[in-house]
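**Q** Here it is: the structure, laid out below.
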Amino acid sequence: MSETHILDPGHKSEELETDWPLELSGDDLRRMVEGAMERVVAHLETLPEQPMSYTSGGEELARALREETLPEGATPFTELLETVFDQGLDKTYNTPSPGYLAYIPGGGLLHAAVADLIANAINRYVGVWIAAPGLVELEANVLRWFCQMVGYPEGSLGVLTSGGSLANFTAIVTARRTRLADDFLRGTLYCSDQVHHSVTKAAMLAGFPVGSIREVPSDGSQRIQIEALKSQIDADRQAGMEPFLVVGSAGTVNTGAVDDFEALADVARERGLWLHVDGAYGGFFVLTERGRNAMRGLEMADSITLDPHKGLFLPYGTGCLLVRDKETLRKAHHLEADYMPEMQQAPDLVDFCELSPELSRDFRGLRVWLPLKMHGFSVFREALDEKLALAAWASEELRSIEHMEVVAEPQLSILAFRLQPPNLDGRAIDELNRELLRRINDRQRVFLTATHLEGRFVIRICVLSFRTHLDRMRQALEDIRAAVSEVLTS
Ligand SMILES: Cc1ncc(COP(=O)(O)O)c(C=O)c1O
């Protein structure tokens with residue numbers, strides 16, 4: 001029988017005895033890391049002075065980069081670093097800057113970047129326990145610490161996701177599979193009109209028609225109205241629907257509002273609903289005393305979304321879902337396949353592929369574990385407490401500016417304000433505040449964004465970066481004051 005071979009039969013074995021450039025030697029790797037590090041360090045050293053958001057010319061830049069053709073041959077590493085640092089990094093929002101007070105700031109702890117280098121270099125498989133029991137346990141420890149942090153009992157666990165959106169999605173699928181039959185289209189779910197749109201999107205992707213998502217009005221502090229929630233649930237049940245899930249917010253994206261979890265837990269228990277809390281922005285404030293007071297009852301939720309790439313200042317790419325009862329998560333995702341190894345049966349061991357839609361994935365636990373172990377939770381608690389104090393400080397400063405209204409006082413580290421001079425009507429005030437925002441941001445020392453509250457245009461400040469301290473907040477207030485006097489006199 002002739003030998004079958006994937007190689008062309010004309011090939012000689014000597015041709016296989018060559019150097020394979022994809023395999024770096026230790027020295028090659030060191031040189032690459034040093035080369036990259038030089039550019040990274042130079043970039044980070046000037047980060048605080050770099051402009052906050054020079055994006056004009058972004059389209060031309062993007063189109064110029066589209067000229068890149070499929071690279072058949074090699075390009076020197078230094079040239080590629082130039083592309084990334086000189087072109088790719090141009091025209092961006094300066095998201096890791098201390099002046100980034102927009103949307104929800106990330107941060108990007110460098111310890112996590114080092115952890116990623118290690119995790120990617122060792123490249124072990126953590127989707128199933130048996131493939132790397134030690135590494136899986138390190139990641140599971142992170143989840144156990146988070147469970148302890150929120151006050152969850154034994155039997156709770158969760159999974160690290162790529163972000164808050166995927167955590168909310170996994171929560172909704174788990175609630176659906178726990179509380180509803182396979183034929184679930186009569187299921188209805190409830191959230192406030194302030195909920196993050198990732199919750200609505202998650203419900204849609206979990207198979208619910210958008211009409212099944214009931215947006216309950218919020219009160220003057222942007223918290224879900226409990227009586228309105230109860231009435232809506234009861235009316236839906238009477239109409240033959242199957243209310244099964246209520247979603248609360250531990251810090252809304254608009255104003256950082258925290259729902260009343262004790263009241264939500266009562267409603268959920270009395271009416272047999274799953275309670276999920278979206279704590280993507282605010283959940284980690286539970287580490288602080290002020291945050292814990294604001295979030296009383298959080299531990300009664302059936303599931304909680306946290307976002308370490310927000311509240312623990314990690315680089316983008318790490319979210320987290322915690323569930324009170326790990327079995328609900330496992331049952332929602334469990335499937336068998338002939339080619340898979342046996343899954344762990346011991347209740348204290350975990351196969352991550354059984355707890356999420358993902359099979360293969362990065363070893364994201366290390367980027368959480370390393371900084372937490374290097375510094376301890378206490379350092380994160382202090383940093384988060386500082387953010388709460390800075391937001392309170394900013395609110396007080398803003399109130400001292402004539403005609404300034406703090407529309408949403410900080411419940412955590414977000415506040416919203418607008419300039420409201422007399423003798424201007426609603427639309428003119430909106431226009432004035434748009435101009436105010438433009439002038440604040442034009443100074444390039446801070447970057448703020450806006451939203452709408454009760455139909456009014458308002459400017460937001462969100463303090464969450466580990467690099468933001470009082471000096472930058474003073475600059476923010478200086479720039480706001482200067483912009484206010486410009487718009488009032490122009
Ligand atoms: C309250 C809230 N929930 C969910 C999300 C979505 O999280 P991610 O961007 O990590 O997917 C965000 C993002 O800002 C958020 O603020």
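Within each chain, counting starts at residue 1; across the structure tokens, chains are named A, B, ... in the order shown, with ligands numbered 1 upward in that order.
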At a cut-off of 7 Å, can you tabulate as CSV every residue of chain A near ligand 1 together with its closest atom pair and the distance in Å to one decimal, using only C-alpha atoms and all ligand atoms and ordering rows by chain then number?

**A**
residue,atom,partner,partner_atom_place_in_ligand_line,distance
A:Tyr103,CA,ligand 1,14 (O),6.8
A:Ile104,CA,ligand 1,14 (O),5.4
A:Gly163,CA,ligand 1,10 (O),3.6
A:Gly164,CA,ligand 1,7 (O),3.5
A:Ser165,CA,ligand 1,11 (O),3.6
A:Leu166,CA,ligand 1,11 (O),6.3
A:Val195,CA,ligand 1,1 (C),7.0
A:His196,CA,ligand 1,3 (N),5.0
A:Ser198,CA,ligand 1,4 (C),5.6
A:Ser249,CA,ligand 1,1 (C),6.7
A:Gly251,CA,ligand 1,1 (C),6.1
A:Thr252,CA,ligand 1,1 (C),4.9
A:Val253,CA,ligand 1,16 (O),4.4
A:Asp278,CA,ligand 1,3 (N),5.8
A:Gly279,CA,ligand 1,1 (C),6.2
A:Ala280,CA,ligand 1,3 (N),4.6
A:Tyr281,CA,ligand 1,16 (O),4.8
A:Asp307,CA,ligand 1,10 (O),6.0
A:Gly319,CA,ligand 1,10 (O),6.0

**Q** Determine, counting only C-alpha atoms, which protein, DNA and RNA residues have an atom within 12 Å of an atom of Asp183 in chain A; residues of the same chain fewer than 4 positions away are not included. Present the result as a PyMOL selection string.

**A** chain A and resi 176-177+179+187+207-208+242

**Q** Could you name the residues that touch range 223-238 of chain A at 12 Å or less, counting only C-alpha atoms, but leaving out those on the same chain fewer than 3 positions away, as a count of residues only?

**A** 53

**Q** Looking at A:Val487, A:Leu314, A:Ile122, A:Leu453, which one is nearest to Gly106 in chain A, with distances taken over only C-alpha atoms?

**A**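 Checking each of A:Val487, A:Leu314, A:Ile122, A:Leu453 against Gly106 in chain A, counting only C-alpha atoms, the winner is A:Leu314.
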
**Q** Residues at most 12 Å from Asp479 in chain A, counting only C-alpha atoms, excluding those fewer than 6 positions away in the same chain, as a list in words?

**A**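 Those residues are Gly99, Leu398, Leu436, Leu437, Arg438, Arg439, Ile440, Asn441, Asp442, Arg443, Gln444, Arg445, Val446, Phe447, Leu448, Arg472, Met473, Ser485 and Glu486 of chain A.
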
**Q** Please extract the residues of range 216-434 of chain A with a backbone DSSP assignment of helix (DSSP H, G or I) and present them as an mmCIF file with N, CA and C atoms, in the first residue's frame.

**A**
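Written out: out_20.cif:
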data_model
loop_
_atom_site.group_PDB
_atom_site.id
_atom_site.type_symbol
_atom_site.label_atom_id
_atom_site.label_comp_id
_atom_site.auth_asym_id
_atom_site.auth_seq_id
_atom_site.Cartn_x
_atom_site.Cartn_y
_atom_site.Cartn_z
ATOM 1 N N ILE A 226 -41.013 51.016 42.793
ATOM 2 C CA ILE A 226 -41.397 49.672 43.242
ATOM 3 C C ILE A 226 -42.894 49.415 43.056
ATOM 4 N N GLU A 227 -43.738 50.416 43.380
ATOM 5 C CA GLU A 227 -45.191 50.184 43.246
ATOM 6 C C GLU A 227 -45.563 49.982 41.781
ATOM 7 N N ALA A 228 -44.932 50.767 40.901
ATOM 8 C CA ALA A 228 -45.216 50.631 39.463
ATOM 9 C C ALA A 228 -44.765 49.254 38.975
ATOM 10 N N LEU A 229 -43.646 48.781 39.529
ATOM 11 C CA LEU A 229 -43.138 47.447 39.158
ATOM 12 C C LEU A 229 -44.148 46.366 39.543
ATOM 13 N N LYS A 230 -44.635 46.461 40.788
ATOM 14 C CA LYS A 230 -45.595 45.441 41.263
ATOM 15 C C LYS A 230 -46.842 45.444 40.384
ATOM 16 N N SER A 231 -47.354 46.655 40.096
ATOM 17 C CA SER A 231 -48.597 46.733 39.306
ATOM 18 C C SER A 231 -48.393 46.121 37.935
ATOM 19 N N GLN A 232 -47.234 46.398 37.330
ATOM 20 C CA GLN A 232 -46.966 45.881 35.978
ATOM 21 C C GLN A 232 -46.885 44.347 35.991
ATOM 22 N N ILE A 233 -46.189 43.809 37.007
ATOM 23 C CA ILE A 233 -46.064 42.342 37.107
ATOM 24 C C ILE A 233 -47.456 41.716 37.263
ATOM 25 N N ASP A 234 -48.251 42.317 38.164
ATOM 26 C CA ASP A 234 -49.569 41.728 38.440
ATOM 27 C C ASP A 234 -50.473 41.819 37.216
ATOM 28 N N ALA A 235 -50.396 42.938 36.519
ATOM 29 C CA ALA A 235 -51.231 43.097 35.317
ATOM 30 C C ALA A 235 -50.813 42.079 34.254
ATOM 31 N N ASP A 236 -49.517 41.871 34.107
ATOM 32 C CA ASP A 236 -49.037 40.907 33.108
ATOM 33 C C ASP A 236 -49.492 39.492 33.457
ATOM 34 N N ARG A 237 -49.410 39.176 34.747
ATOM 35 C CA ARG A 237 -49.814 37.800 35.135
ATOM 36 C C ARG A 237 -51.295 37.595 34.867
ATOM 37 N N GLN A 238 -52.064 38.622 35.186
ATOM 38 C CA GLN A 238 -53.513 38.536 34.928
ATOM 39 C C GLN A 238 -53.802 38.359 33.447
ATOM 40 N N PHE A 261 -32.503 47.383 46.583
ATOM 41 C CA PHE A 261 -32.448 45.925 46.409
ATOM 42 C C PHE A 261 -33.284 45.183 47.459
ATOM 43 N N GLU A 262 -33.415 45.785 48.649
ATOM 44 C CA GLU A 262 -34.235 45.107 49.667
ATOM 45 C C GLU A 262 -35.672 45.029 49.174
ATOM 46 N N ALA A 263 -36.150 46.154 48.620
ATOM 47 C CA ALA A 263 -37.527 46.171 48.107
ATOM 48 C C ALA A 263 -37.646 45.258 46.878
ATOM 49 N N LEU A 264 -36.637 45.296 46.010
ATOM 50 C CA LEU A 264 -36.682 44.447 44.805
ATOM 51 C C LEU A 264 -36.680 42.966 45.182
ATOM 52 N N ALA A 265 -35.888 42.631 46.204
ATOM 53 C CA ALA A 265 -35.820 41.229 46.630
ATOM 54 C C ALA A 265 -37.171 40.785 47.178
ATOM 55 N N ASP A 266 -37.863 41.688 47.898
ATOM 56 C CA ASP A 266 -39.207 41.342 48.407
ATOM 57 C C ASP A 266 -40.159 41.075 47.251
ATOM 58 N N VAL A 267 -40.138 41.979 46.269
ATOM 59 C CA VAL A 267 -41.040 41.817 45.122
ATOM 60 C C VAL A 267 -40.731 40.487 44.418
ATOM 61 N N ALA A 268 -39.441 40.236 44.206
ATOM 62 C CA ALA A 268 -39.043 39.027 43.483
ATOM 63 C C ALA A 268 -39.477 37.781 44.252
ATOM 64 N N ARG A 269 -39.275 37.805 45.577
ATOM 65 C CA ARG A 269 -39.631 36.616 46.370
ATOM 66 C C ARG A 269 -41.142 36.409 46.388
ATOM 67 N N GLU A 270 -41.869 37.501 46.660
ATOM 68 C CA GLU A 270 -43.341 37.368 46.755
ATOM 69 C C GLU A 270 -43.951 36.886 45.445
ATOM 70 N N ARG A 271 -43.366 37.313 44.327
ATOM 71 C CA ARG A 271 -43.995 37.009 43.027
ATOM 72 C C ARG A 271 -43.246 35.942 42.236
ATOM 73 N N GLY A 283 -20.825 47.763 40.999
ATOM 74 C CA GLY A 283 -20.781 46.621 41.917
ATOM 75 C C GLY A 283 -19.584 46.601 42.855
ATOM 76 N N PHE A 284 -18.407 46.953 42.359
ATOM 77 C CA PHE A 284 -17.220 46.844 43.221
ATOM 78 C C PHE A 284 -17.191 47.888 44.339
ATOM 79 N N PHE A 285 -18.058 48.917 44.256
ATOM 80 C CA PHE A 285 -18.111 49.868 45.373
ATOM 81 C C PHE A 285 -18.598 49.205 46.656
ATOM 82 N N VAL A 286 -19.129 47.984 46.536
ATOM 83 C CA VAL A 286 -19.558 47.267 47.737
ATOM 84 C C VAL A 286 -18.365 46.999 48.659
ATOM 85 N N LEU A 287 -17.162 47.118 48.123
ATOM 86 C CA LEU A 287 -15.959 46.982 48.963
ATOM 87 C C LEU A 287 -15.857 48.121 49.979
ATOM 88 N N GLU A 289 -17.356 51.203 52.591
ATOM 89 C CA GLU A 289 -18.465 51.309 53.539
ATOM 90 C C GLU A 289 -19.631 52.079 52.922
ATOM 91 N N ARG A 290 -19.276 53.201 52.236
ATOM 92 C CA ARG A 290 -20.347 53.999 51.622
ATOM 93 C C ARG A 290 -21.098 53.195 50.560
ATOM 94 N N GLY A 291 -20.330 52.448 49.768
ATOM 95 C CA GLY A 291 -20.945 51.646 48.714
ATOM 96 C C GLY A 291 -21.842 50.565 49.300
ATOM 97 N N ARG A 292 -21.365 49.931 50.387
ATOM 98 C CA ARG A 292 -22.154 48.863 51.026
ATOM 99 C C ARG A 292 -23.485 49.407 51.544
ATOM 100 N N ASN A 293 -23.413 50.621 52.113
ATOM 101 C CA ASN A 293 -24.652 51.223 52.604
ATOM 102 C C ASN A 293 -25.617 51.515 51.459
ATOM 103 N N ALA A 294 -25.048 51.983 50.342
ATOM 104 C CA ALA A 294 -25.913 52.306 49.195
ATOM 105 C C ALA A 294 -26.529 51.049 48.594
ATOM 106 N N LEU A 298 -27.988 43.696 48.335
ATOM 107 C CA LEU A 298 -27.385 43.161 47.101
ATOM 108 C C LEU A 298 -27.258 41.636 47.150
ATOM 109 N N GLU A 299 -26.911 41.136 48.335
ATOM 110 C CA GLU A 299 -26.651 39.691 48.469
ATOM 111 C C GLU A 299 -27.912 38.855 48.263
ATOM 112 N N MET A 300 -29.076 39.510 48.227
ATOM 113 C CA MET A 300 -30.314 38.741 48.020
ATOM 114 C C MET A 300 -30.590 38.476 46.548
ATOM 115 N N PRO A 308 -14.843 43.791 36.263
ATOM 116 C CA PRO A 308 -13.490 44.144 36.730
ATOM 117 C C PRO A 308 -12.787 45.136 35.796
ATOM 118 N N HIS A 309 -13.187 45.184 34.521
ATOM 119 C CA HIS A 309 -12.523 46.176 33.666
ATOM 120 C C HIS A 309 -13.105 47.582 33.853
ATOM 121 N N LYS A 310 -13.986 47.712 34.803
ATOM 122 C CA LYS A 310 -14.418 49.047 35.244
ATOM 123 C C LYS A 310 -13.978 49.219 36.705
ATOM 124 N N GLY A 311 -14.682 48.549 37.602
ATOM 125 C CA GLY A 311 -14.493 48.792 39.028
ATOM 126 C C GLY A 311 -13.209 48.274 39.638
ATOM 127 N N LYS A 326 -24.651 28.059 42.200
ATOM 128 C CA LYS A 326 -23.827 27.682 41.041
ATOM 129 C C LYS A 326 -24.535 26.657 40.146
ATOM 130 N N GLU A 327 -25.352 25.793 40.768
ATOM 131 C CA GLU A 327 -26.026 24.732 39.997
ATOM 132 C C GLU A 327 -26.935 25.297 38.919
ATOM 133 N N THR A 328 -27.535 26.473 39.174
ATOM 134 C CA THR A 328 -28.428 27.060 38.155
ATOM 135 C C THR A 328 -27.622 27.394 36.903
ATOM 136 N N LEU A 329 -26.432 27.901 37.111
ATOM 137 C CA LEU A 329 -25.562 28.273 35.977
ATOM 138 C C LEU A 329 -25.144 27.006 35.223
ATOM 139 N N ARG A 330 -24.807 25.977 35.985
ATOM 140 C CA ARG A 330 -24.338 24.726 35.363
ATOM 141 C C ARG A 330 -25.476 24.064 34.577
ATOM 142 N N LYS A 331 -26.633 24.003 35.199
ATOM 143 C CA LYS A 331 -27.756 23.346 34.508
ATOM 144 C C LYS A 331 -28.139 24.108 33.242
ATOM 145 N N ALA A 332 -27.986 25.414 33.277
ATOM 146 C CA ALA A 332 -28.363 26.227 32.104
ATOM 147 C C ALA A 332 -27.403 26.008 30.937
ATOM 148 N N HIS A 333 -26.174 25.569 31.211
ATOM 149 C CA HIS A 333 -25.168 25.475 30.146
ATOM 150 C C HIS A 333 -24.677 24.060 29.863
ATOM 151 N N PHE A 352 -15.105 25.409 33.700
ATOM 152 C CA PHE A 352 -15.689 26.694 33.285
ATOM 153 C C PHE A 352 -16.566 26.564 32.045
ATOM 154 N N CYS A 353 -16.268 25.580 31.186
ATOM 155 C CA CYS A 353 -17.093 25.441 29.971
ATOM 156 C C CYS A 353 -18.520 25.030 30.309
ATOM 157 N N GLU A 354 -18.739 24.548 31.537
ATOM 158 C CA GLU A 354 -20.092 24.160 31.956
ATOM 159 C C GLU A 354 -20.873 25.346 32.509
ATOM 160 N N GLY A 365 -8.498 34.716 34.270
ATOM 161 C CA GLY A 365 -8.423 34.786 35.731
ATOM 162 C C GLY A 365 -7.115 35.389 36.223
ATOM 163 N N LEU A 366 -6.040 35.155 35.473
ATOM 164 C CA LEU A 366 -4.736 35.608 35.967
ATOM 165 C C LEU A 366 -4.651 37.133 36.038
ATOM 166 N N ARG A 367 -5.332 37.794 35.094
ATOM 167 C CA ARG A 367 -5.226 39.258 35.092
ATOM 168 C C ARG A 367 -6.029 39.884 36.233
ATOM 169 N N VAL A 368 -6.895 39.110 36.854
ATOM 170 C CA VAL A 368 -7.606 39.591 38.047
ATOM 171 C C VAL A 368 -6.841 39.164 39.296
ATOM 172 N N TRP A 369 -6.416 37.920 39.288
ATOM 173 C CA TRP A 369 -5.760 37.315 40.453
ATOM 174 C C TRP A 369 -4.460 38.047 40.809
ATOM 175 N N LEU A 370 -3.651 38.339 39.791
ATOM 176 C CA LEU A 370 -2.309 38.895 40.053
ATOM 177 C C LEU A 370 -2.365 40.250 40.785
ATOM 178 N N PRO A 371 -3.083 41.244 40.255
ATOM 179 C CA PRO A 371 -3.124 42.522 40.988
ATOM 180 C C PRO A 371 -3.794 42.408 42.352
ATOM 181 N N LEU A 372 -4.831 41.534 42.455
ATOM 182 C CA LEU A 372 -5.496 41.400 43.761
ATOM 183 C C LEU A 372 -4.548 40.794 44.786
ATOM 184 N N LYS A 373 -3.739 39.807 44.345
ATOM 185 C CA LYS A 373 -2.801 39.187 45.283
ATOM 186 C C LYS A 373 -1.630 40.120 45.576
ATOM 187 N N MET A 374 -1.173 40.849 44.556
ATOM 188 C CA MET A 374 -0.009 41.708 44.777
ATOM 189 C C MET A 374 -0.306 42.829 45.764
ATOM 190 N N HIS A 375 -1.552 43.345 45.707
ATOM 191 C CA HIS A 375 -1.869 44.505 46.548
ATOM 192 C C HIS A 375 -2.847 44.218 47.662
ATOM 193 N N PHE A 377 -7.103 43.373 48.607
ATOM 194 C CA PHE A 377 -8.340 44.119 48.350
ATOM 195 C C PHE A 377 -8.308 45.509 48.986
ATOM 196 N N SER A 378 -7.511 45.659 50.061
ATOM 197 C CA SER A 378 -7.559 46.935 50.786
ATOM 198 C C SER A 378 -7.167 48.105 49.895
ATOM 199 N N VAL A 379 -6.193 47.875 49.007
ATOM 200 C CA VAL A 379 -5.752 48.958 48.128
ATOM 201 C C VAL A 379 -6.880 49.334 47.145
ATOM 202 N N PHE A 380 -7.613 48.339 46.690
ATOM 203 C CA PHE A 380 -8.731 48.623 45.774
ATOM 204 C C PHE A 380 -9.862 49.334 46.523
ATOM 205 N N ARG A 381 -10.085 48.911 47.770
ATOM 206 C CA ARG A 381 -11.124 49.562 48.579
ATOM 207 C C ARG A 381 -10.804 51.058 48.728
ATOM 208 N N GLU A 382 -9.536 51.352 49.060
ATOM 209 C CA GLU A 382 -9.145 52.761 49.241
ATOM 210 C C GLU A 382 -9.301 53.550 47.943
ATOM 211 N N ALA A 383 -8.869 52.928 46.839
ATOM 212 C CA ALA A 383 -8.950 53.626 45.551
ATOM 213 C C ALA A 383 -10.409 53.917 45.201
ATOM 214 N N LEU A 384 -11.292 52.946 45.451
ATOM 215 C CA LEU A 384 -12.708 53.158 45.121
ATOM 216 C C LEU A 384 -13.328 54.206 46.040
ATOM 217 N N ASP A 385 -12.906 54.190 47.295
ATOM 218 C CA ASP A 385 -13.431 55.182 48.230
ATOM 219 C C ASP A 385 -13.005 56.589 47.806
ATOM 220 N N GLU A 386 -11.771 56.670 47.290
ATOM 221 C CA GLU A 386 -11.295 57.971 46.791
ATOM 222 C C GLU A 386 -12.197 58.456 45.654
ATOM 223 N N LYS A 387 -12.640 57.549 44.764
ATOM 224 C CA LYS A 387 -13.502 57.962 43.639
ATOM 225 C C LYS A 387 -14.829 58.515 44.155
ATOM 226 N N LEU A 388 -15.381 57.867 45.188
ATOM 227 C CA LEU A 388 -16.635 58.364 45.766
ATOM 228 C C LEU A 388 -16.427 59.767 46.341
ATOM 229 N N ALA A 389 -15.293 59.950 47.003
ATOM 230 C CA ALA A 389 -15.014 61.247 47.629
ATOM 231 C C ALA A 389 -14.797 62.321 46.551
ATOM 232 N N LEU A 390 -14.136 61.953 45.474
ATOM 233 C CA LEU A 390 -13.879 62.930 44.403
ATOM 234 C C LEU A 390 -15.185 63.369 43.737
ATOM 235 N N ALA A 391 -16.107 62.417 43.554
ATOM 236 C CA ALA A 391 -17.393 62.777 42.939
ATOM 237 C C ALA A 391 -18.171 63.703 43.878
ATOM 238 N N ALA A 392 -18.141 63.409 45.166
ATOM 239 C CA ALA A 392 -18.848 64.267 46.133
ATOM 240 C C ALA A 392 -18.226 65.657 46.139
ATOM 241 N N TRP A 393 -16.891 65.706 46.076
ATOM 242 C CA TRP A 393 -16.179 66.991 46.047
ATOM 243 C C TRP A 393 -16.600 67.790 44.806
ATOM 244 N N ALA A 394 -16.630 67.129 43.646
ATOM 245 C CA ALA A 394 -16.975 67.816 42.394
ATOM 246 C C ALA A 394 -18.392 68.368 42.460
ATOM 247 N N SER A 395 -19.291 67.584 43.051
ATOM 248 C CA SER A 395 -20.682 68.028 43.140
ATOM 249 C C SER A 395 -20.782 69.302 43.972
ATOM 250 N N GLU A 396 -20.046 69.326 45.071
ATOM 251 C CA GLU A 396 -20.089 70.503 45.931
ATOM 252 C C GLU A 396 -19.496 71.727 45.217
ATOM 253 N N GLU A 397 -18.409 71.517 44.529
ATOM 254 C CA GLU A 397 -17.784 72.621 43.778
ATOM 255 C C GLU A 397 -18.741 73.155 42.712
ATOM 256 N N LEU A 398 -19.410 72.244 42.018
ATOM 257 C CA LEU A 398 -20.319 72.662 40.939
ATOM 258 C C LEU A 398 -21.457 73.504 41.500
ATOM 259 N N ARG A 399 -21.946 73.106 42.672
ATOM 260 C CA ARG A 399 -23.066 73.845 43.249
ATOM 261 C C ARG A 399 -22.697 75.278 43.594
ATOM 262 N N GLY A 426 -36.268 75.724 27.493
ATOM 263 C CA GLY A 426 -35.682 74.386 27.517
ATOM 264 C C GLY A 426 -34.687 74.113 26.399
ATOM 265 N N ARG A 427 -35.114 74.434 25.155
ATOM 266 C CA ARG A 427 -34.224 74.116 24.023
ATOM 267 C C ARG A 427 -32.978 74.967 24.028
ATOM 268 N N ALA A 428 -33.146 76.238 24.400
ATOM 269 C CA ALA A 428 -31.981 77.139 24.430
ATOM 270 C C ALA A 428 -31.005 76.681 25.520
ATOM 271 N N ILE A 429 -31.573 76.191 26.620
ATOM 272 C CA ILE A 429 -30.692 75.697 27.701
ATOM 273 C C ILE A 429 -29.927 74.457 27.226
ATOM 274 N N ASP A 430 -30.613 73.581 26.519
ATOM 275 C CA ASP A 430 -29.926 72.400 25.967
ATOM 276 C C ASP A 430 -28.772 72.828 25.063
ATOM 277 N N GLU A 431 -29.047 73.797 24.196
ATOM 278 C CA GLU A 431 -28.012 74.272 23.258
ATOM 279 C C GLU A 431 -26.828 74.877 24.016
ATOM 280 N N LEU A 432 -27.157 75.648 25.043
ATOM 281 C CA LEU A 432 -26.109 76.287 25.853
ATOM 282 C C LEU A 432 -25.213 75.218 26.497
ATOM 283 N N ASN A 433 -25.839 74.155 26.980
ATOM 284 C CA ASN A 433 -25.056 73.108 27.647
ATOM 285 C C ASN A 433 -24.243 72.275 26.660
ATOM 286 N N ARG A 434 -24.778 72.138 25.438
ATOM 287 C CA ARG A 434 -23.984 71.461 24.384
ATOM 288 C C ARG A 434 -22.714 72.258 24.120
#

**Q** Restricting the calculation to only C-alpha atoms, which member of A:Val173, A:Val126, A:Ala301, A:Leu335 is positioned closest to Asp362 in chain A?

**A**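 Counting only C-alpha atoms, the residue closest to Asp362 in chain A is A:Val126.
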
**Q** So, with only C-alpha atoms as the atoms that count, which of A:Leu470, A:Ile172, A:Ala346, A:Val463 lies closest to Ala202 in chain A?

**A** A:Ile172

**Q** For a quick check of understanding, using only C-alpha atoms, which of A:Ala239, A:Ala203, A:Ala140, A:Ile414 has the smallest distance to Leu322 in chain A?

**A**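 Among the listed residues, A:Ala140 lies closest to Leu322 in chain A.
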
**Q** Given only C-alpha atoms as the basis, pick out the residue of A:Lys201, A:His43, A:Arg481, A:Lys12 nearest to Ile401 in chain A.

**A**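 Distance minimum relative to Ile401 in chain A lands on A:Arg481.
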
**Q** Just checking: using only C-alpha atoms, which residue out of A:Phe466, A:Pro341, A:Phe77, A:Glu405 ends up closest to Ser97 in chain A?

**A** A:Phe466

**Q** Quick one: residues within 12 Å of Met340 in chain A, only C-alpha atoms counted, chain neighbours fewer than 5 positions away excluded, as a list in words?

**A** Gly127, Val128, Trp129, Ile130, Ala131, Leu335, Asp351, Cys353, Glu354 and Leu359 of chain A

**Q** Between CA of Val406 in chain A and CA of Val458 in chain A, measure the distance and give it in Å to one decimal.

**A**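 Calculated distance between CA of Val406 in chain A and CA of Val458 in chain A is 9.3 Å.
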
**Q** Check the DSSP output for the backbone and give back, as a list of chain:residue names, the residues of range 359-469 of chain A in strand (DSSP E).

**A**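 Reading the DSSP output for range 359-469 of chain A, strand (DSSP E) covers A:Met404, A:Glu405, A:Val406, A:Val407, A:Ala408, A:Ile414, A:Leu415, A:Ala416, A:Phe417, A:Arg418, A:Leu419, A:Thr449, A:Ala450, A:Thr451, A:His452, A:Leu453, A:Arg456, A:Phe457, A:Val458, A:Ile459, A:Arg460, A:Ile461, A:Cys462.
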